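Student: Take a look at data.cif, mmCIF, C-alpha atoms and all ligand atoms:
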```
data_data
loop_
_atom_site.label_atom_id
_atom_site.label_comp_id
_atom_site.auth_asym_id
_atom_site.auth_seq_id
_atom_site.Cartn_x
_atom_site.Cartn_y
_atom_site.Cartn_z
CA MET J 1 2.36 -15.74 -7.40
CA ASP J 2 4.19 -18.25 -9.62
CA ASP J 3 1.54 -18.02 -12.31
CA VAL J 4 1.04 -14.26 -12.04
CA VAL J 5 3.27 -11.96 -14.10
CA VAL J 6 3.89 -8.33 -13.13
CA GLY J 7 4.69 -6.05 -16.07
CA PRO J 8 3.77 -2.91 -18.01
CA LEU J 9 0.03 -2.35 -18.36
CA ASP J 10 -1.75 -0.39 -21.10
CA LEU J 11 -4.10 1.09 -18.53
CA ALA J 12 -6.07 3.16 -21.05
CA ALA J 13 -6.93 -0.03 -22.93
CA ARG J 14 -7.58 -2.04 -19.73
CA VAL J 15 -9.26 0.70 -17.67
CA ASP J 16 -12.50 -1.27 -17.26
CA ASP J 17 -10.62 -4.39 -16.10
CA ALA J 18 -8.57 -2.31 -13.68
CA LEU J 19 -11.61 -0.60 -12.22
CA ALA J 20 -13.30 -3.99 -11.84
CA VAL J 21 -10.29 -5.03 -9.71
CA GLN J 22 -10.49 -1.79 -7.71
CA ALA J 23 -14.26 -2.13 -7.26
CA VAL J 24 -13.80 -5.52 -5.57
CA ALA J 25 -10.56 -4.76 -3.69
CA PHE J 26 -11.40 -1.27 -2.44
CA GLY J 27 -15.18 -1.23 -2.78
CA LEU J 28 -16.57 1.07 -5.50
CA SER J 29 -20.19 1.52 -6.56
CA ASP J 30 -21.09 1.51 -10.26
CA GLU J 31 -21.45 5.26 -10.06
CA GLU J 32 -18.00 5.65 -8.49
CA VAL J 33 -16.53 3.40 -11.21
CA GLY J 34 -17.91 5.78 -13.83
CA VAL J 35 -16.35 8.78 -12.11
CA ARG J 36 -13.01 7.00 -11.59
CA ARG J 37 -12.94 6.01 -15.28
CA HIS J 38 -12.78 9.66 -16.35
CA ILE J 39 -10.19 10.45 -13.67
CA VAL J 40 -7.91 7.54 -14.65
CA LEU J 41 -8.04 8.42 -18.35
CA ARG J 42 -7.23 12.05 -17.54
CA HIS J 43 -4.34 11.00 -15.27
CA LEU J 44 -2.87 8.94 -18.10
CA THR J 45 -2.42 12.12 -20.18
CA GLN J 46 -0.06 13.50 -17.46
CA PRO J 47 3.66 13.52 -18.31
CA GLY J 48 5.39 10.45 -16.96
CA ALA J 49 2.22 8.56 -15.97
CA ARG J 50 2.98 4.81 -15.81
CA ALA J 51 1.03 1.69 -14.91
CA LEU J 52 1.92 -1.93 -14.11
CA GLY J 53 -0.41 -4.88 -14.03
CA ALA J 54 -0.40 -8.36 -12.50
CA THR J 55 -1.88 -10.85 -14.95
CA THR J 56 -2.52 -14.58 -15.06
CA PRO J 57 -1.30 -16.68 -18.04
CA SER J 58 -4.76 -16.31 -19.60
CA GLY J 59 -4.43 -12.50 -19.40
CA ARG J 60 -6.81 -11.94 -16.50
CA LEU J 61 -5.89 -8.83 -14.52
CA VAL J 62 -5.65 -9.51 -10.77
CA GLY J 63 -3.86 -6.32 -9.65
CA PHE J 64 -2.57 -2.99 -10.88
CA VAL J 65 -0.72 0.13 -9.80
CA TYR J 66 -0.23 3.48 -11.44
CA GLY J 67 1.29 6.84 -10.68
CA MET J 68 3.11 9.85 -12.05
CA PRO J 69 5.55 12.58 -11.11
CA ASN J 70 3.65 14.78 -8.68
CA ASP J 71 2.29 18.04 -10.09
CA ARG J 72 1.23 20.71 -7.61
CA ALA J 73 -1.38 21.94 -10.13
CA GLN J 74 -3.26 18.61 -9.88
CA TRP J 75 -6.38 18.24 -7.71
CA TRP J 76 -4.78 15.73 -5.29
CA SER J 77 -1.86 18.07 -4.56
CA SER J 78 -4.13 21.06 -4.04
CA VAL J 79 -6.13 19.13 -1.42
CA VAL J 80 -3.16 17.78 0.54
CA GLU J 81 -0.93 20.89 0.30
CA PRO J 82 -2.44 22.81 3.27
CA TYR J 83 -2.19 19.70 5.48
CA LEU J 84 1.48 19.21 4.55
CA ARG J 85 2.19 22.92 4.95
CA ARG J 86 0.75 22.81 8.47
CA GLU J 87 3.35 20.13 9.28
CA GLY J 88 6.15 22.03 7.50
CA ARG J 89 6.36 19.23 4.91
CA GLU J 90 4.91 20.75 1.74
CA GLY J 91 8.32 20.35 0.08
CA TRP J 92 7.37 16.69 -0.33
CA LEU J 93 5.09 17.78 -3.19
CA ASP J 94 8.15 18.63 -5.30
CA ASP J 95 10.44 16.04 -6.90
CA ALA J 96 8.18 13.21 -5.77
CA PHE J 97 6.63 10.30 -7.64
CA ALA J 98 2.97 10.02 -6.65
CA VAL J 99 1.48 6.52 -6.42
CA THR J 100 -2.15 7.08 -7.34
CA GLU J 101 -3.78 3.64 -7.05
CA LEU J 102 -2.69 0.15 -5.94
CA HIS J 103 -5.17 -2.72 -5.80
CA VAL J 104 -5.05 -6.52 -5.78
CA LEU J 105 -8.08 -8.82 -5.96
CA PRO J 106 -8.85 -10.28 -2.50
CA ALA J 107 -8.33 -13.86 -3.72
CA ASP J 108 -4.79 -12.95 -4.80
CA GLN J 109 -3.79 -10.81 -1.81
CA GLY J 110 -1.06 -11.83 0.62
CA ARG J 111 1.13 -13.39 -2.09
CA GLY J 112 3.55 -10.52 -2.60
CA ILE J 113 1.83 -9.08 -5.66
CA GLY J 114 1.09 -5.64 -4.17
CA ARG J 115 4.66 -5.31 -2.91
CA ARG J 116 6.05 -6.19 -6.35
CA LEU J 117 3.73 -3.78 -8.14
CA ILE J 118 4.58 -0.70 -6.07
CA THR J 119 8.30 -1.52 -5.83
CA LEU J 120 8.71 -2.03 -9.57
CA LEU J 121 6.68 1.08 -10.40
CA THR J 122 8.71 3.36 -8.13
CA ASP J 123 12.01 1.72 -9.20
CA GLY J 124 11.32 3.26 -12.60
CA ALA J 125 10.89 6.78 -11.21
CA ASP J 126 13.52 9.50 -11.64
CA GLU J 127 12.40 11.30 -8.46
CA PRO J 128 14.23 10.77 -5.12
CA ARG J 129 11.02 10.10 -3.18
CA SER J 130 7.43 8.93 -3.40
CA ILE J 131 4.17 10.16 -1.91
CA LEU J 132 0.69 8.68 -1.68
CA SER J 133 -2.48 8.80 0.38
CA ALA J 134 -4.17 5.91 2.15
CA ILE J 135 -7.25 5.60 4.31
CA ASP J 136 -6.15 6.49 7.84
CA THR J 137 -6.66 3.08 9.45
CA GLU J 138 -4.29 0.21 10.26
CA SER J 139 -5.06 -1.59 6.98
CA PRO J 140 -2.90 -4.10 5.09
CA ALA J 141 -2.12 -1.22 2.72
CA ARG J 142 -0.71 0.92 5.54
CA ALA J 143 1.35 -2.01 6.84
CA LEU J 144 2.71 -2.59 3.35
CA TYR J 145 3.59 1.08 2.86
CA ARG J 146 5.36 1.28 6.23
CA SER J 147 7.39 -1.84 5.47
CA LEU J 148 8.54 -0.12 2.26
CA GLY J 149 9.71 2.98 4.15
CA TYR J 150 6.67 5.24 3.87
CA ARG J 151 6.05 7.42 6.93
CA ASP J 152 3.06 9.59 7.84
CA LEU J 153 3.49 13.16 6.60
CA ALA J 154 0.04 14.47 7.54
CA ARG J 155 -3.11 13.00 9.04
CA PRO J 156 -6.05 13.11 9.15
CA VAL J 157 -6.52 14.53 5.65
CA HIS J 158 -10.07 15.10 4.42
CA PHE J 159 -10.78 14.78 0.69
CA PRO J 160 -14.03 16.39 -0.45
CA SER J 161 -16.75 13.72 -0.77
CA ALA J 162 -14.60 10.93 0.75
CA PRO J 163 -16.32 9.55 3.85
CA SER J 164 -13.11 8.44 5.62
CA PRO J 165 -10.06 10.50 6.60
CA TYR J 166 -6.77 9.73 4.85
CA ALA J 167 -3.10 9.81 5.77
CA VAL J 168 -0.55 11.27 3.37
CA MET J 169 2.63 9.17 3.42
CA GLY J 170 6.08 9.65 1.91
CA ALA J 171 9.15 7.46 1.39
CA PRO J 172 12.65 7.88 0.00
CA LEU J 173 13.31 6.03 -3.27
CA PRO J 174 14.24 3.32 -3.92
CA LEU J 175 11.75 1.74 -1.53
CA LEU J 176 13.08 -0.54 1.21
CA ARG J 177 13.55 -4.24 0.34
C1 LIG J 201 -2.87 -3.13 -0.21
C2 LIG J 201 -2.87 -4.30 -1.17
C3 LIG J 201 -2.72 -3.77 -2.59
C4 LIG J 201 -1.66 -5.19 -0.86
O1 LIG J 201 -1.58 -6.18 -1.87
P1 LIG J 201 -1.09 -7.67 -1.53
O2 LIG J 201 -0.76 -8.31 -2.83
O3 LIG J 201 -2.04 -8.36 -0.65
O4 LIG J 201 0.23 -7.34 -0.71
P2 LIG J 201 1.46 -8.31 -0.45
O5 LIG J 201 1.06 -9.74 -0.53
O6 LIG J 201 2.57 -7.86 -1.34
O7 LIG J 201 1.78 -7.98 1.05
C5 LIG J 201 2.66 -7.00 1.37
C6 LIG J 201 2.49 -6.55 2.80
O8 LIG J 201 1.18 -6.05 3.04
C7 LIG J 201 0.85 -6.27 4.39
N1 LIG J 201 -0.31 -7.15 4.42
C8 LIG J 201 -0.81 -7.89 3.42
N2 LIG J 201 -1.93 -8.53 3.85
C9 LIG J 201 -2.11 -8.16 5.13
C10 LIG J 201 -3.10 -8.45 6.11
N3 LIG J 201 -4.13 -9.26 5.85
N4 LIG J 201 -2.99 -7.87 7.32
C11 LIG J 201 -1.94 -7.03 7.59
N5 LIG J 201 -1.00 -6.72 6.69
C12 LIG J 201 -1.07 -7.28 5.49
C13 LIG J 201 2.05 -6.92 5.02
O9 LIG J 201 2.90 -5.87 5.48
C14 LIG J 201 2.68 -7.59 3.84
O10 LIG J 201 4.02 -7.81 4.02
P3 LIG J 201 4.54 -9.28 4.44
O11 LIG J 201 4.01 -10.22 3.42
O12 LIG J 201 6.02 -9.11 4.41
O13 LIG J 201 3.97 -9.51 5.80
C15 LIG J 201 -4.15 -5.16 -1.04
O14 LIG J 201 -4.30 -5.52 0.32
C16 LIG J 201 -5.41 -4.45 -1.49
O15 LIG J 201 -5.70 -4.40 -2.70
N6 LIG J 201 -6.17 -3.91 -0.55
C17 LIG J 201 -7.46 -3.29 -0.83
C18 LIG J 201 -7.33 -2.04 -1.66
C19 LIG J 201 -6.47 -1.01 -1.01
O16 LIG J 201 -6.60 -0.73 0.18
N7 LIG J 201 -5.56 -0.42 -1.80
C20 LIG J 201 -4.67 0.59 -1.32
C21 LIG J 201 -5.34 1.90 -1.37
S1 LIG J 201 -4.34 3.13 -0.57
#
```
In structure tokens, what does this structure look like?
Ligand SMILES: CC(C)(COP(=O)(O)OP(=O)(O)OC[C@H]1O[C@@H](n2cnc3c(N)ncnc32)[C@H](O)[C@@H]1OP(=O)(O)O)[C@@H](O)C(=O)NCCC(=O)NCCS
Tutor:
Amino acid sequence: MDDVVVGPLDLAARVDDALAVQAVAFGLSDEEVGVRRHIVLRHLTQPGARALGATTPSGRLVGFVYGMPNDRAQWWSSVVEPYLRREGREGWLDDAFAVTELHVLPADQGRGIGRRLITLLTDGADEPRSILSAIDTESPARALYRSLGYRDLARPVHFPSAPSPYAVMGAPLPLLR
């Protein structure tokens, strides 16, 4: 961690580097990278979209996070809304900062980089709470989110074309230290 700096990331300019990180960390095929590229660039046109990166002194990107104030008109919200409504929790879609992606290269995981990325990103949000979705298994990501105060709002949530079910999680801001 000592040599890795977390700070603002021009994600539009570094989208290929970021997706290379995600491809290794999360597992994306070349085809999925192509699809994600369009989605990321479209997300970055949303009001309030922000990204942070973790970079080595030579400028190599080893992790990134991005998100934006949640917008019910967006695809993600439209998929999760009926699941949250069923739980009486659809109000979480309003006044919430949505964390869209968080990934750290496997070689750099477990050094506090992911925690710093998501904490710093949400610290900059004006909203009183944060929402996200994560694959519905007991992964390091889910352990991290819980330790930051995220709780399950709805599960299992099925996204079209995603093979695994997800959990939608929400936390008050600022995140727990
Ligand atoms: C989730 C992810 C970004 C976390 O990044 P990271 O830099 O390794 O996280 P940190 O070092 O800050 O660890 C923070 C917490 O994560 C959890 N964690 C990290 N590695 C873990 C592991 N191997 N097993 C269980 N929990 C783990 C712990 O709660 C840890 O807190 P602690 O250090 O106080 O015990 C990283 O594991 C990753 O990129 N995973 C693959 C992609 C992914 O799943 N992204 C999230 C999509 S929803």
Student: Using all atoms listed in the file, find each residue with an atom at most 7 Å away from ligand LIG 201 (chain J) and format the answer as a list in words.
Tutor: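 Taking all atoms listed in the file into account, the residues around ligand LIG 201 (chain J) at most 7 Å away are Gln22, Ala25, Phe26, Glu101, Leu102, His103, Val104, Leu105, Pro106, Asp108, Gln109, Gly110, Arg111, Gly112, Ile113, Gly114, Arg115, Arg116, Ser133, Ala134, Ile135, Ser139, Pro140, Ala141, Ala143, Leu144 and Ser147 of chain J.
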Student: Counting all atoms listed in the file, figure out which residue out of J:Leu44, J:Ala54, J:Leu173, J:Leu61 gets nearest to Leu19 in chain J.
Tutor: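 Looking at the shortest contact to Leu19 in chain J, the residue is J:Leu61.
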Student: Residues proximal to (-13.1, 7.8, 7.7) were defined as those with any atom within 12 Å of that point in the file's coordinates, counting all atoms listed in the file. Which are they, as a list in words?
Tutor: Ala134, Ile135, Asp136, Thr137, Glu138, Arg155, Pro156, Val157, His158, Phe159, Pro160, Ser161, Ala162, Pro163, Ser164, Pro165, Tyr166 and Ala167 of chain J
Student: Give me a file of those residues, with C-alpha atoms, as an mmCIF file, in the coordinates of the input.
Tutor:
```
data_model
loop_
_atom_site.group_PDB
_atom_site.id
_atom_site.type_symbol
_atom_site.label_atom_id
_atom_site.label_comp_id
_atom_site.auth_asym_id
_atom_site.auth_seq_id
_atom_site.Cartn_x
_atom_site.Cartn_y
_atom_site.Cartn_z
ATOM 1 C CA ALA J 134 -4.170 5.910 2.150
ATOM 2 C CA ILE J 135 -7.250 5.600 4.310
ATOM 3 C CA ASP J 136 -6.150 6.490 7.840
ATOM 4 C CA THR J 137 -6.660 3.080 9.450
ATOM 5 C CA GLU J 138 -4.290 0.210 10.260
ATOM 6 C CA ARG J 155 -3.110 13.000 9.040
ATOM 7 C CA PRO J 156 -6.050 13.110 9.150
ATOM 8 C CA VAL J 157 -6.520 14.530 5.650
ATOM 9 C CA HIS J 158 -10.070 15.100 4.420
ATOM 10 C CA PHE J 159 -10.780 14.780 0.690
ATOM 11 C CA PRO J 160 -14.030 16.390 -0.450
ATOM 12 C CA SER J 161 -16.750 13.720 -0.770
ATOM 13 C CA ALA J 162 -14.600 10.930 0.750
ATOM 14 C CA PRO J 163 -16.320 9.550 3.850
ATOM 15 C CA SER J 164 -13.110 8.440 5.620
ATOM 16 C CA PRO J 165 -10.060 10.500 6.600
ATOM 17 C CA TYR J 166 -6.770 9.730 4.850
ATOM 18 C CA ALA J 167 -3.100 9.810 5.770
#
```
Student: Quick one: everything within 9 Å of range 82-90 of chain J, counting all atoms listed in the file, minus sequence neighbours fewer than 2 positions away in the same chain. Send it as a short mmCIF file (atom, residue, chain, number, x, y, z; two decimals) with C-alpha atoms, in the coordinates of the input.
Tutor:
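See part-v4.cif below for the written result:
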```cif
data_model
loop_
_atom_site.label_atom_id
_atom_site.label_comp_id
_atom_site.auth_asym_id
_atom_site.auth_seq_id
_atom_site.Cartn_x
_atom_site.Cartn_y
_atom_site.Cartn_z
CA SER J 78 -4.13 21.06 -4.04
CA VAL J 79 -6.13 19.13 -1.42
CA VAL J 80 -3.16 17.78 0.54
CA TRP J 92 7.37 16.69 -0.33
CA LEU J 93 5.09 17.78 -3.19
CA ASP J 94 8.15 18.63 -5.30
CA LEU J 153 3.49 13.16 6.60
CA ALA J 154 0.04 14.47 7.54
CA ARG J 155 -3.11 13.00 9.04
CA PRO J 156 -6.05 13.11 9.15
CA VAL J 157 -6.52 14.53 5.65
CA VAL J 168 -0.55 11.27 3.37
#
```
Student: Of the candidates J:Arg14, J:Arg177, J:Arg146, J:His38, which shows the shortest atom-to-atom distance to Thr119 in chain J, using all atoms listed in the file?
Tutor: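 Selected residue with least distance to Thr119 in chain J: J:Arg177.
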Student: Could you check the closest approach to Leu120 in chain J for each of J:Ala13, J:Gly53, J:Arg42, J:Tyr150 and tell me which residue wins, using only C-alpha atoms?
Tutor: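 Once distances to Leu120 in chain J are computed over only C-alpha atoms, the minimum belongs to J:Gly53.
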Student: Find, counting all atoms listed in the file, the residue in J:Ser58, J:Ser29, J:Gln46, J:Ser130 that gets nearest to Gly91 in chain J.
Tutor: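 For Gly91 in chain J, the nearest of the candidates is J:Ser130.
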Student: Leaving out range 95-99 of chain J and any residue of its chain fewer than 3 positions from it, which residues lie within 7 Å of it when counting all atoms listed in the file, given as a list of chain:residue names?
Tutor: J:Tyr66, J:Gly67, J:Met68, J:Pro69, J:Asn70, J:Trp92, J:Ala125, J:Glu127, J:Pro128, J:Arg129, J:Ser130, J:Ile131, J:Leu132
Student: Please produce a file of the residues just selected, as a PDB file, in the frame of the given file, where the atoms kept are C-alpha atoms.
Tutor:
```
ATOM      1  CA  TYR J  66      -0.230   3.480 -11.440  1.00  0.00           C
ATOM      2  CA  GLY J  67       1.290   6.840 -10.680  1.00  0.00           C
ATOM      3  CA  MET J  68       3.110   9.850 -12.050  1.00  0.00           C
ATOM      4  CA  PRO J  69       5.550  12.580 -11.110  1.00  0.00           C
ATOM      5  CA  ASN J  70       3.650  14.780  -8.680  1.00  0.00           C
ATOM      6  CA  TRP J  92       7.370  16.690  -0.330  1.00  0.00           C
ATOM      7  CA  ALA J 125      10.890   6.780 -11.210  1.00  0.00           C
ATOM      8  CA  GLU J 127      12.400  11.300  -8.460  1.00  0.00           C
ATOM      9  CA  PRO J 128      14.230  10.770  -5.120  1.00  0.00           C
ATOM     10  CA  ARG J 129      11.020  10.100  -3.180  1.00  0.00           C
ATOM     11  CA  SER J 130       7.430   8.930  -3.400  1.00  0.00           C
ATOM     12  CA  ILE J 131       4.170  10.160  -1.910  1.00  0.00           C
ATOM     13  CA  LEU J 132       0.690   8.680  -1.680  1.00  0.00           C
TER      14      LEU J 132
END
```
Student: Which residue out of J:Ala20, J:Phe64, J:Arg151, J:Thr45 has the minimum interatomic distance to Val33 in chain J when only C-alpha atoms are used?
Tutor: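 Once distances to Val33 in chain J are computed over only C-alpha atoms, the minimum belongs to J:Ala20.
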Student: Give me, please, the distance in Å between CA of Ala49 in chain J and CA of Leu11 in chain J, quoted to one decimal.
Tutor: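 CA of Leu11 in chain J lies 10.1 Å from CA of Ala49 in chain J.
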Student: Just to confirm, what's the straight-line distance from CA of Leu9 in chain J to CA of Ile39 in chain J in Å (one decimal)?
Tutor: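 Pair CA of Leu9 in chain J / CA of Ile39 in chain J returns 17.0 Å.
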Student: In Å, with one decimal, what is the gap from CA of Leu121 in chain J to CA of Asp16 in chain J?
Tutor: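 These two atoms are separated by 20.5 Å.
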Student: Smallest atom-to-atom distance to Gln74 in chain J: which of J:Leu52, J:Arg60, J:His43, J:Val5, using all atoms listed in the file?
Tutor: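 Among the listed residues, the smallest separation from Gln74 in chain J belongs to J:His43.
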Student: Could you give me the centre and size, in Å to one decimal, of an axis-aligned box around all listed atoms of range 67-82 of chain J with 4 Å added on every side, as JSON?
Tutor:
```
{"center_x": -0.4, "center_y": 14.8, "center_z": -4.4, "size_x": 19.9, "size_y": 24.0, "size_z": 23.3}
```
